[in-house]
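Structure file model35.cif (mmCIF, C-alpha atoms) is printed below.
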data_work
#
loop_
_atom_site.label_atom_id
_atom_site.label_comp_id
_atom_site.auth_asym_id
_atom_site.auth_seq_id
_atom_site.Cartn_x
_atom_site.Cartn_y
_atom_site.Cartn_z
CA MET R 1 -187.58 8.99 83.87
CA ALA R 2 -185.97 10.94 81.23
CA GLY R 3 -184.16 13.07 83.72
CA ASP R 4 -182.59 10.01 85.36
CA ASN R 5 -180.61 9.17 82.29
CA PRO R 6 -177.21 11.00 82.15
CA PHE R 7 -176.80 13.52 79.34
CA ARG R 8 -174.30 12.44 76.78
CA LYS R 9 -172.71 14.85 74.43
CA ARG R 10 -172.91 13.98 70.85
CA ARG R 11 -169.89 14.36 68.66
CA PHE R 12 -170.17 16.73 65.79
CA ARG R 13 -169.24 14.82 62.67
CA LEU R 14 -168.66 16.23 59.23
CA PRO R 15 -170.76 14.79 56.54
CA ARG R 16 -168.89 12.19 54.60
CA THR R 17 -168.42 12.44 50.90
CA PRO R 18 -169.36 9.53 48.72
CA GLU R 19 -165.67 8.81 48.09
CA THR R 20 -165.22 8.21 51.78
CA HIS R 21 -167.88 5.61 51.82
CA GLN R 22 -166.43 4.04 48.67
CA GLY R 23 -162.93 3.54 50.10
CA GLY R 24 -161.29 6.90 49.38
CA PRO R 25 -157.74 7.89 50.21
CA ASP R 26 -156.39 6.90 53.52
CA PRO R 27 -155.81 9.82 55.93
CA ALA R 28 -152.32 8.54 56.50
CA GLU R 29 -151.56 8.89 52.81
CA GLY R 30 -152.80 12.47 52.85
CA ALA R 31 -150.51 13.15 55.76
CA HIS R 32 -147.57 11.95 53.69
CA GLN R 33 -148.56 14.14 50.77
CA ALA R 34 -149.00 17.37 52.76
CA PRO R 35 -145.27 18.16 53.27
CA ASP R 36 -144.64 17.84 49.55
CA ALA R 37 -147.35 20.33 48.82
CA GLU R 38 -145.93 22.72 51.37
CA ASP R 39 -142.41 22.38 49.96
CA SER R 40 -143.64 23.02 46.45
CA ALA R 41 -145.37 26.13 47.67
CA LEU R 42 -142.11 27.45 49.13
CA LEU R 43 -140.12 27.10 45.86
CA PRO R 44 -140.18 30.24 43.72
CA SER R 45 -141.70 29.82 40.32
CA PRO R 46 -139.56 30.74 37.29
CA GLY R 47 -139.64 34.45 36.40
CA VAL R 48 -141.25 35.47 39.70
CA ARG R 49 -139.44 38.07 41.78
CA ASP R 50 -138.38 37.13 45.26
CA ASP R 51 -137.98 40.18 47.49
CA GLU R 52 -135.25 38.52 49.52
CA ARG R 53 -133.20 36.96 46.75
CA GLY R 54 -133.88 39.32 43.86
CA LEU R 55 -134.15 38.10 40.28
CA PRO R 56 -133.25 34.46 39.72
CA ALA R 57 -129.60 34.13 38.77
CA SER R 58 -128.75 32.53 35.46
CA LEU R 59 -126.83 29.30 35.60
CA GLU R 60 -125.04 30.00 32.28
CA ALA R 61 -122.35 32.70 31.98
CA GLY R 62 -123.05 33.43 28.32
CA ASP R 63 -126.74 34.33 28.59
CA ASP R 64 -126.03 38.09 28.16
CA PRO R 65 -126.45 38.89 24.44
CA GLY R 66 -124.96 42.36 24.90
CA ARG R 67 -121.65 40.84 25.98
CA PHE R 68 -121.19 39.03 22.68
CA THR R 69 -122.21 42.16 20.77
CA LYS R 70 -119.51 44.20 22.52
CA LEU R 71 -116.84 41.54 21.87
CA ALA R 72 -117.78 41.41 18.20
CA ALA R 73 -117.57 45.21 17.99
CA VAL R 74 -114.10 45.17 19.59
CA ARG R 75 -112.92 42.50 17.15
CA ARG R 76 -114.23 44.48 14.20
CA GLY R 77 -112.53 47.62 15.47
CA LEU R 78 -109.19 45.84 15.92
CA ARG R 79 -109.43 44.28 12.49
CA LYS R 80 -110.23 47.58 10.82
CA GLY R 81 -107.42 49.30 12.75
CA GLY R 82 -104.94 46.66 11.62
CA GLU R 83 -106.07 46.99 8.02
CA ARG R 84 -105.66 50.79 8.15
CA ALA R 85 -102.18 50.43 9.68
CA ARG R 86 -101.09 47.97 6.99
CA ALA R 87 -102.49 50.23 4.28
CA GLY R 88 -100.60 53.20 5.74
CA VAL R 89 -97.31 51.29 5.88
CA ALA R 90 -97.79 50.07 2.30
CA TYR R 91 -98.43 53.66 1.18
CA VAL R 92 -95.23 54.91 2.84
CA ALA R 93 -93.27 52.00 1.31
CA ASP R 94 -94.54 52.88 -2.17
CA ARG R 95 -93.57 56.54 -1.68
CA ILE R 96 -90.05 55.58 -0.58
CA ILE R 97 -89.61 53.22 -3.53
CA GLU R 98 -90.89 55.94 -5.88
CA SER R 99 -88.58 58.64 -4.48
CA ALA R 100 -85.40 56.51 -4.28
CA PRO R 101 -84.31 57.05 -7.94
CA ARG R 102 -84.93 60.81 -7.57
CA ILE R 103 -82.41 61.29 -4.76
CA PRO R 104 -79.30 63.14 -6.04
CA VAL R 105 -76.04 61.42 -5.09
CA ARG R 106 -72.58 63.00 -5.26
CA ASP R 107 -69.83 60.83 -6.69
CA LEU R 108 -66.37 60.51 -5.13
CA ALA R 109 -64.78 63.18 -7.32
CA THR R 110 -67.46 65.71 -6.35
CA LEU R 111 -67.14 64.87 -2.66
CA ARG R 112 -63.34 65.21 -2.68
CA ALA R 113 -63.66 68.57 -4.44
CA GLN R 114 -66.16 69.82 -1.84
CA PHE R 115 -64.10 68.55 1.11
CA PRO R 116 -60.47 68.88 0.03
CA GLY R 117 -57.68 67.42 2.12
CA LEU R 118 -59.84 64.84 3.91
CA GLY R 119 -59.25 61.11 3.92
CA PRO R 120 -62.00 58.45 3.63
CA GLU R 121 -62.81 58.32 7.35
CA GLN R 122 -62.80 62.08 7.81
CA LEU R 123 -64.97 62.52 4.73
CA ALA R 124 -67.38 59.83 5.98
CA ASP R 125 -67.59 61.61 9.33
CA LYS R 126 -68.56 64.82 7.56
CA LEU R 127 -71.29 63.05 5.62
CA VAL R 128 -72.70 61.37 8.71
CA ALA R 129 -72.73 64.64 10.66
CA GLY R 130 -74.58 66.44 7.86
CA ALA R 131 -77.17 63.67 7.50
CA ALA R 132 -77.70 63.49 11.28
CA ASN R 133 -78.31 67.24 11.40
CA ALA R 134 -80.79 66.96 8.53
CA THR R 135 -82.82 64.12 10.08
CA SER R 136 -82.74 65.94 13.40
CA THR R 137 -84.27 68.98 11.70
CA VAL R 138 -86.99 66.81 10.17
CA GLY R 139 -87.82 65.29 13.57
CA ALA R 140 -87.97 68.69 15.22
CA GLY R 141 -90.21 70.05 12.48
CA ILE R 142 -92.69 67.18 12.74
CA GLY R 143 -92.67 67.46 16.53
CA ALA R 144 -93.42 71.19 16.29
CA ALA R 145 -96.27 70.50 13.87
CA ALA R 146 -97.78 68.18 16.49
CA MET R 147 -97.84 70.96 19.11
CA LEU R 148 -101.63 71.17 18.71
CA PRO R 149 -102.28 67.71 17.31
CA VAL R 150 -105.32 66.93 15.25
CA PRO R 151 -105.94 63.16 15.36
CA PRO R 152 -106.59 62.72 11.60
CA ALA R 153 -103.36 64.61 10.78
CA MET R 154 -101.09 62.51 13.02
CA PRO R 155 -100.68 59.57 10.57
CA ALA R 156 -99.85 62.02 7.77
CA GLU R 157 -97.23 63.73 9.93
CA LEU R 158 -95.67 60.40 10.84
CA ALA R 159 -95.64 59.25 7.20
CA ALA R 160 -94.04 62.52 6.11
CA GLU R 161 -91.32 62.15 8.72
CA ILE R 162 -90.52 58.55 7.75
CA THR R 163 -90.38 59.43 4.05
CA GLY R 164 -88.14 62.47 4.63
CA VAL R 165 -85.75 60.65 6.95
CA ALA R 166 -85.54 57.68 4.56
CA ALA R 167 -84.57 59.97 1.67
CA ILE R 168 -81.78 61.60 3.70
CA GLU R 169 -80.44 58.27 4.90
CA LEU R 170 -80.58 56.77 1.39
CA LYS R 171 -78.45 59.66 0.12
CA LEU R 172 -76.01 59.09 2.99
CA ILE R 173 -75.77 55.36 2.23
CA ALA R 174 -75.11 55.99 -1.45
CA GLU R 175 -72.35 58.54 -0.75
CA LEU R 176 -70.73 56.31 1.87
CA HIS R 177 -70.45 53.59 -0.77
CA GLU R 178 -68.73 56.15 -3.01
CA VAL R 179 -66.30 57.12 -0.26
CA TYR R 180 -65.32 53.52 0.46
CA GLY R 181 -65.00 52.65 -3.24
CA MET R 182 -68.01 50.30 -3.27
CA ARG R 183 -70.24 51.79 -5.95
CA PRO R 184 -72.68 49.09 -7.15
CA PRO R 185 -72.82 48.56 -10.90
CA GLY R 186 -75.88 49.11 -13.05
CA THR R 187 -78.21 51.89 -14.00
CA LEU R 188 -79.60 54.62 -11.78
CA THR R 189 -82.67 52.53 -10.97
CA GLN R 190 -80.60 49.44 -10.19
CA ARG R 191 -78.27 51.36 -7.89
CA SER R 192 -81.22 53.01 -6.15
CA THR R 193 -82.74 49.58 -5.52
CA ALA R 194 -79.44 48.34 -4.10
CA TYR R 195 -79.19 51.34 -1.77
CA LEU R 196 -82.80 50.81 -0.72
CA THR R 197 -81.95 47.19 0.11
CA SER R 198 -79.01 48.40 2.17
CA TRP R 199 -81.30 50.79 4.08
CA THR R 200 -83.88 48.06 4.66
CA GLU R 201 -81.39 45.48 5.89
CA GLU R 202 -79.16 48.06 7.64
CA ARG R 203 -75.94 46.70 6.15
CA GLY R 204 -73.51 47.59 3.41
CA ILE R 205 -73.66 46.23 -0.12
CA ASP R 206 -71.35 43.32 -0.86
CA LEU R 207 -70.23 43.63 -4.49
CA THR R 208 -69.00 40.01 -4.46
CA LYS R 209 -72.57 38.76 -3.91
CA PRO R 210 -74.81 39.46 -6.89
CA THR R 211 -77.95 38.95 -4.77
CA THR R 212 -77.16 42.06 -2.76
CA VAL R 213 -76.59 44.12 -5.91
CA ASN R 214 -79.25 42.84 -8.27
CA ALA R 215 -82.04 43.19 -5.72
CA ALA R 216 -85.51 43.09 -7.20
CA LEU R 217 -88.58 44.79 -5.81
CA GLY R 218 -90.24 41.45 -5.13
CA GLY R 219 -92.64 40.34 -2.45
CA GLN R 220 -89.97 39.41 0.08
CA PHE R 221 -88.16 42.72 -0.35
CA LYS R 222 -91.38 44.70 0.07
CA ARG R 223 -92.23 42.75 3.22
CA GLN R 224 -88.81 43.57 4.68
CA LEU R 225 -89.24 47.21 3.68
CA ARG R 226 -92.65 47.38 5.35
CA GLN R 227 -91.22 45.81 8.50
CA GLN R 228 -88.45 48.42 8.56
CA ILE R 229 -90.98 51.23 8.09
CA MET R 230 -93.19 49.85 10.86
CA LYS R 231 -90.19 49.68 13.20
CA ARG R 232 -89.35 53.30 12.41
CA MET R 233 -92.95 54.37 12.96
CA VAL R 234 -93.08 52.75 16.38
CA ARG R 235 -89.82 54.44 17.36
CA ASN R 236 -91.04 57.80 16.07
CA LEU R 237 -94.39 57.81 17.88
CA PRO R 238 -93.00 59.94 20.77
CA ASN R 239 -92.29 62.66 18.20
CA LEU R 240 -96.02 63.44 18.16
CA THR R 241 -96.07 64.42 21.83
CA PRO R 242 -97.61 67.90 22.09
CA PHE R 243 -96.36 71.07 23.80
CA MET R 244 -93.01 71.04 21.93
CA VAL R 245 -91.84 67.95 23.82
CA GLY R 246 -92.12 65.91 20.63
CA ALA R 247 -89.86 68.35 18.78
CA ALA R 248 -86.98 67.75 21.19
CA VAL R 249 -87.61 64.01 21.30
CA GLY R 250 -87.80 63.77 17.50
CA ALA R 251 -84.59 65.69 17.01
CA VAL R 252 -82.64 63.53 19.47
CA MET R 253 -84.06 60.20 18.28
CA ASN R 254 -83.57 60.87 14.57
CA ARG R 255 -79.99 62.02 15.13
CA ARG R 256 -79.26 58.90 17.17
CA ASP R 257 -80.90 56.51 14.68
CA THR R 258 -79.11 58.03 11.69
CA LYS R 259 -75.73 57.77 13.38
CA ALA R 260 -76.40 54.17 14.45
CA LEU R 261 -77.42 53.22 10.89
CA ALA R 262 -74.34 54.91 9.43
CA GLU R 263 -72.05 53.11 11.87
CA ARG R 264 -73.45 49.72 10.86
CA ILE R 265 -73.07 50.56 7.16
CA ARG R 266 -69.52 51.82 7.63
CA LYS R 267 -68.55 48.73 9.61
CA ASP R 268 -69.51 46.52 6.65
CA LEU R 269 -67.89 48.79 4.09
CA ARG R 270 -64.57 49.02 5.96
CA ARG R 271 -64.06 45.25 5.64
CA ARG R 272 -64.34 45.46 1.84
CA GLN R 273 -62.95 48.98 1.33
CA ILE R 274 -60.99 49.74 -1.84
CA PRO R 275 -58.30 52.44 -1.39
CA TRP R 276 -58.72 55.53 -3.51
CA GLU R 277 -55.42 55.01 -5.28
CA ALA R 278 -56.50 51.50 -6.28
CA LEU R 279 -59.88 52.56 -7.62
CA PRO R 280 -60.38 52.38 -11.36
CA GLU R 281 -61.55 55.55 -13.02
CA LEU R 282 -65.30 55.59 -12.68
CA PRO R 283 -67.69 57.62 -14.83
CA PRO R 284 -69.64 60.42 -13.13
CA LEU R 285 -72.90 59.38 -11.59
CA GLU R 286 -75.97 60.05 -13.67
CA GLN R 287 -78.32 62.44 -11.97
CA PRO R 288 -82.11 62.08 -11.88
CA GLU R 289 -84.16 64.22 -14.21
CA ASP R 290 -86.47 65.36 -11.41
CA PRO R 291 -84.24 65.38 -8.31
CA LYS R 292 -85.82 65.33 -4.88
CA GLN R 293 -84.98 68.42 -2.87
CA LEU R 294 -83.47 67.33 0.44
CA GLY R 295 -82.17 70.66 1.72
CA PHE R 296 -78.59 69.65 2.50
#
Could you take the file, read its structure, and then write that structure out as structure tokens?
Amino acid sequence: MAGDNPFRKRRFRLPRTPETHQGGPDPAEGAHQAPDAEDSALLPSPGVRDDERGLPASLEAGDDPGRFTKLAAVRRGLRKGGERARAGVAYVADRIIESAPRIPVRDLATLRAQFPGLGPEQLADKLVAGAANATSTVGAGIGAAAMLPVPPAMPAELAAEITGVAAIELKLIAELHEVYGMRPPGTLTQRSTAYLTSWTEERGIDLTKPTTVNAALGGQFKRQLRQQIMKRMVRNLPNLTPFMVGAAVGAVMNRRDTKALAERIRKDLRRRQIPWEALPELPPLEQPEDPKQLGF
């Protein structure tokens, strides 16, 4: 009977695809391929945001184009600043060279008449004290002008101070050479160039060495002059401090620098000094047609 036979459950089988009947992929091979597919699904695709890790980090440090733009802008700014500084120093150097022959210098006879009864050292002390007071006044005046500084006016104030101080110190150097009997030969222009060389190199003129007397305004001399001007500018930067602080600083620093320069010049001149009684009679110094007014 049909009911005597035990009921057997039939397995539910999926219909096979034709590839299965034709020797398709082995299930074991599919099992080996499944982890790779899962791993590839876990890796973030390029440019896709991951909420846990944020944007993908770049492996190269120089991928930021804005960084190179900023560096290029800084380089351009530094280069332009250096060019403006060099142009300013060259301008001041040209003004000093132009004004040197216009500085009135008193010869020895005039100095002895104005300061009777003084010997060479006492007369030199008088000249140094007067020049130090004059440069101190210039420094105080520029410092007072910088009380309410306007940035575009600061370079002009600094250039005016350097030019004024240089003129006073050139006059002092020329008159110290007169006091110590070391007047350089030549015309007014040649003597002015020699004094300018003495100011640039911060030493006295040696009449036994023609190179120190017959100085020409060549490239090397102008480079040395620009270096001296740059050194003075760096030292005089505190003079532009506002609120009248720069006035006091400028007065003290200019007085100190002028005295230090005069001491170095006098030290050189003392070694080669010619006594007044041994000096030959020298003609009066020729005065410039358009003298520069120094105020002392």
Report, in Å with one decimal, the straight-line distance from atom CA of Gln224 of chain R to atom CA of Glu201 of chain R.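 Separation between atom CA of Gln224 of chain R and atom CA of Glu201 of chain R: 7.8 Å.
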Could you state which residues are captured by the PyMOL selection byres ((chain R and resi 100-113) around 8) in this file, as a count of residues only? 30
Can you list, as a PyMOL selection string, the residues that the PyMOL selection byres ((chain R and resi 164) around 12) selects here? chain R and resi 92+95-96+99-100+103+131+134-139+141-142+157-163+165-171+254+292-295
Find the residue from R:Lys267, R:Gly250, R:Met182, R:Thr200 that sits nearest to Gln227 of chain R; use all atoms listed in the file when measuring.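 Distance minimum relative to Gln227 of chain R lands on R:Thr200.
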Could you spell out the hits of the PyMOL selection byres ((chain R and resi 205) around 12) on the shown file, as an mmCIF file with C-alpha atoms, in the coordinates of the input?
data_model
loop_
_atom_site.group_PDB
_atom_site.id
_atom_site.type_symbol
_atom_site.label_atom_id
_atom_site.label_comp_id
_atom_site.auth_asym_id
_atom_site.auth_seq_id
_atom_site.Cartn_x
_atom_site.Cartn_y
_atom_site.Cartn_z
ATOM 1 C CA ILE R 173 -75.770 55.360 2.230
ATOM 2 C CA ALA R 174 -75.110 55.990 -1.450
ATOM 3 C CA LEU R 176 -70.730 56.310 1.870
ATOM 4 C CA HIS R 177 -70.450 53.590 -0.770
ATOM 5 C CA GLU R 178 -68.730 56.150 -3.010
ATOM 6 C CA TYR R 180 -65.320 53.520 0.460
ATOM 7 C CA GLY R 181 -65.000 52.650 -3.240
ATOM 8 C CA MET R 182 -68.010 50.300 -3.270
ATOM 9 C CA ARG R 183 -70.240 51.790 -5.950
ATOM 10 C CA PRO R 184 -72.680 49.090 -7.150
ATOM 11 C CA PRO R 185 -72.820 48.560 -10.900
ATOM 12 C CA ARG R 191 -78.270 51.360 -7.890
ATOM 13 C CA SER R 192 -81.220 53.010 -6.150
ATOM 14 C CA THR R 193 -82.740 49.580 -5.520
ATOM 15 C CA ALA R 194 -79.440 48.340 -4.100
ATOM 16 C CA TYR R 195 -79.190 51.340 -1.770
ATOM 17 C CA LEU R 196 -82.800 50.810 -0.720
ATOM 18 C CA THR R 197 -81.950 47.190 0.110
ATOM 19 C CA SER R 198 -79.010 48.400 2.170
ATOM 20 C CA TRP R 199 -81.300 50.790 4.080
ATOM 21 C CA THR R 200 -83.880 48.060 4.660
ATOM 22 C CA GLU R 201 -81.390 45.480 5.890
ATOM 23 C CA GLU R 202 -79.160 48.060 7.640
ATOM 24 C CA ARG R 203 -75.940 46.700 6.150
ATOM 25 C CA GLY R 204 -73.510 47.590 3.410
ATOM 26 C CA ASP R 206 -71.350 43.320 -0.860
ATOM 27 C CA LEU R 207 -70.230 43.630 -4.490
ATOM 28 C CA THR R 208 -69.000 40.010 -4.460
ATOM 29 C CA LYS R 209 -72.570 38.760 -3.910
ATOM 30 C CA PRO R 210 -74.810 39.460 -6.890
ATOM 31 C CA THR R 211 -77.950 38.950 -4.770
ATOM 32 C CA THR R 212 -77.160 42.060 -2.760
ATOM 33 C CA VAL R 213 -76.590 44.120 -5.910
ATOM 34 C CA ASN R 214 -79.250 42.840 -8.270
ATOM 35 C CA ALA R 215 -82.040 43.190 -5.720
ATOM 36 C CA ARG R 264 -73.450 49.720 10.860
ATOM 37 C CA ILE R 265 -73.070 50.560 7.160
ATOM 38 C CA ARG R 266 -69.520 51.820 7.630
ATOM 39 C CA LYS R 267 -68.550 48.730 9.610
ATOM 40 C CA ASP R 268 -69.510 46.520 6.650
ATOM 41 C CA LEU R 269 -67.890 48.790 4.090
ATOM 42 C CA ARG R 270 -64.570 49.020 5.960
ATOM 43 C CA ARG R 271 -64.060 45.250 5.640
ATOM 44 C CA ARG R 272 -64.340 45.460 1.840
ATOM 45 C CA GLN R 273 -62.950 48.980 1.330
#
Coordinates-based distance that separates atom CA of Asn133 of chain R from atom CA of Arg255 of chain R (Å, one decimal): 6.6 Å
Work out how far apart atom CA of Ile274 of chain R and atom CA of Gln190 of chain R are and give it in Å to one decimal.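 Going from atom CA of Ile274 of chain R over to atom CA of Gln190 of chain R, I get 21.3 Å.
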Residue among R:Glu277, R:Lys126, R:Thr69, R:Asp94 lying closest to Leu225 of chain R, counting all atoms listed in the file: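 Nearest candidate to Leu225 of chain R out of R:Glu277, R:Lys126, R:Thr69, R:Asp94: R:Asp94.
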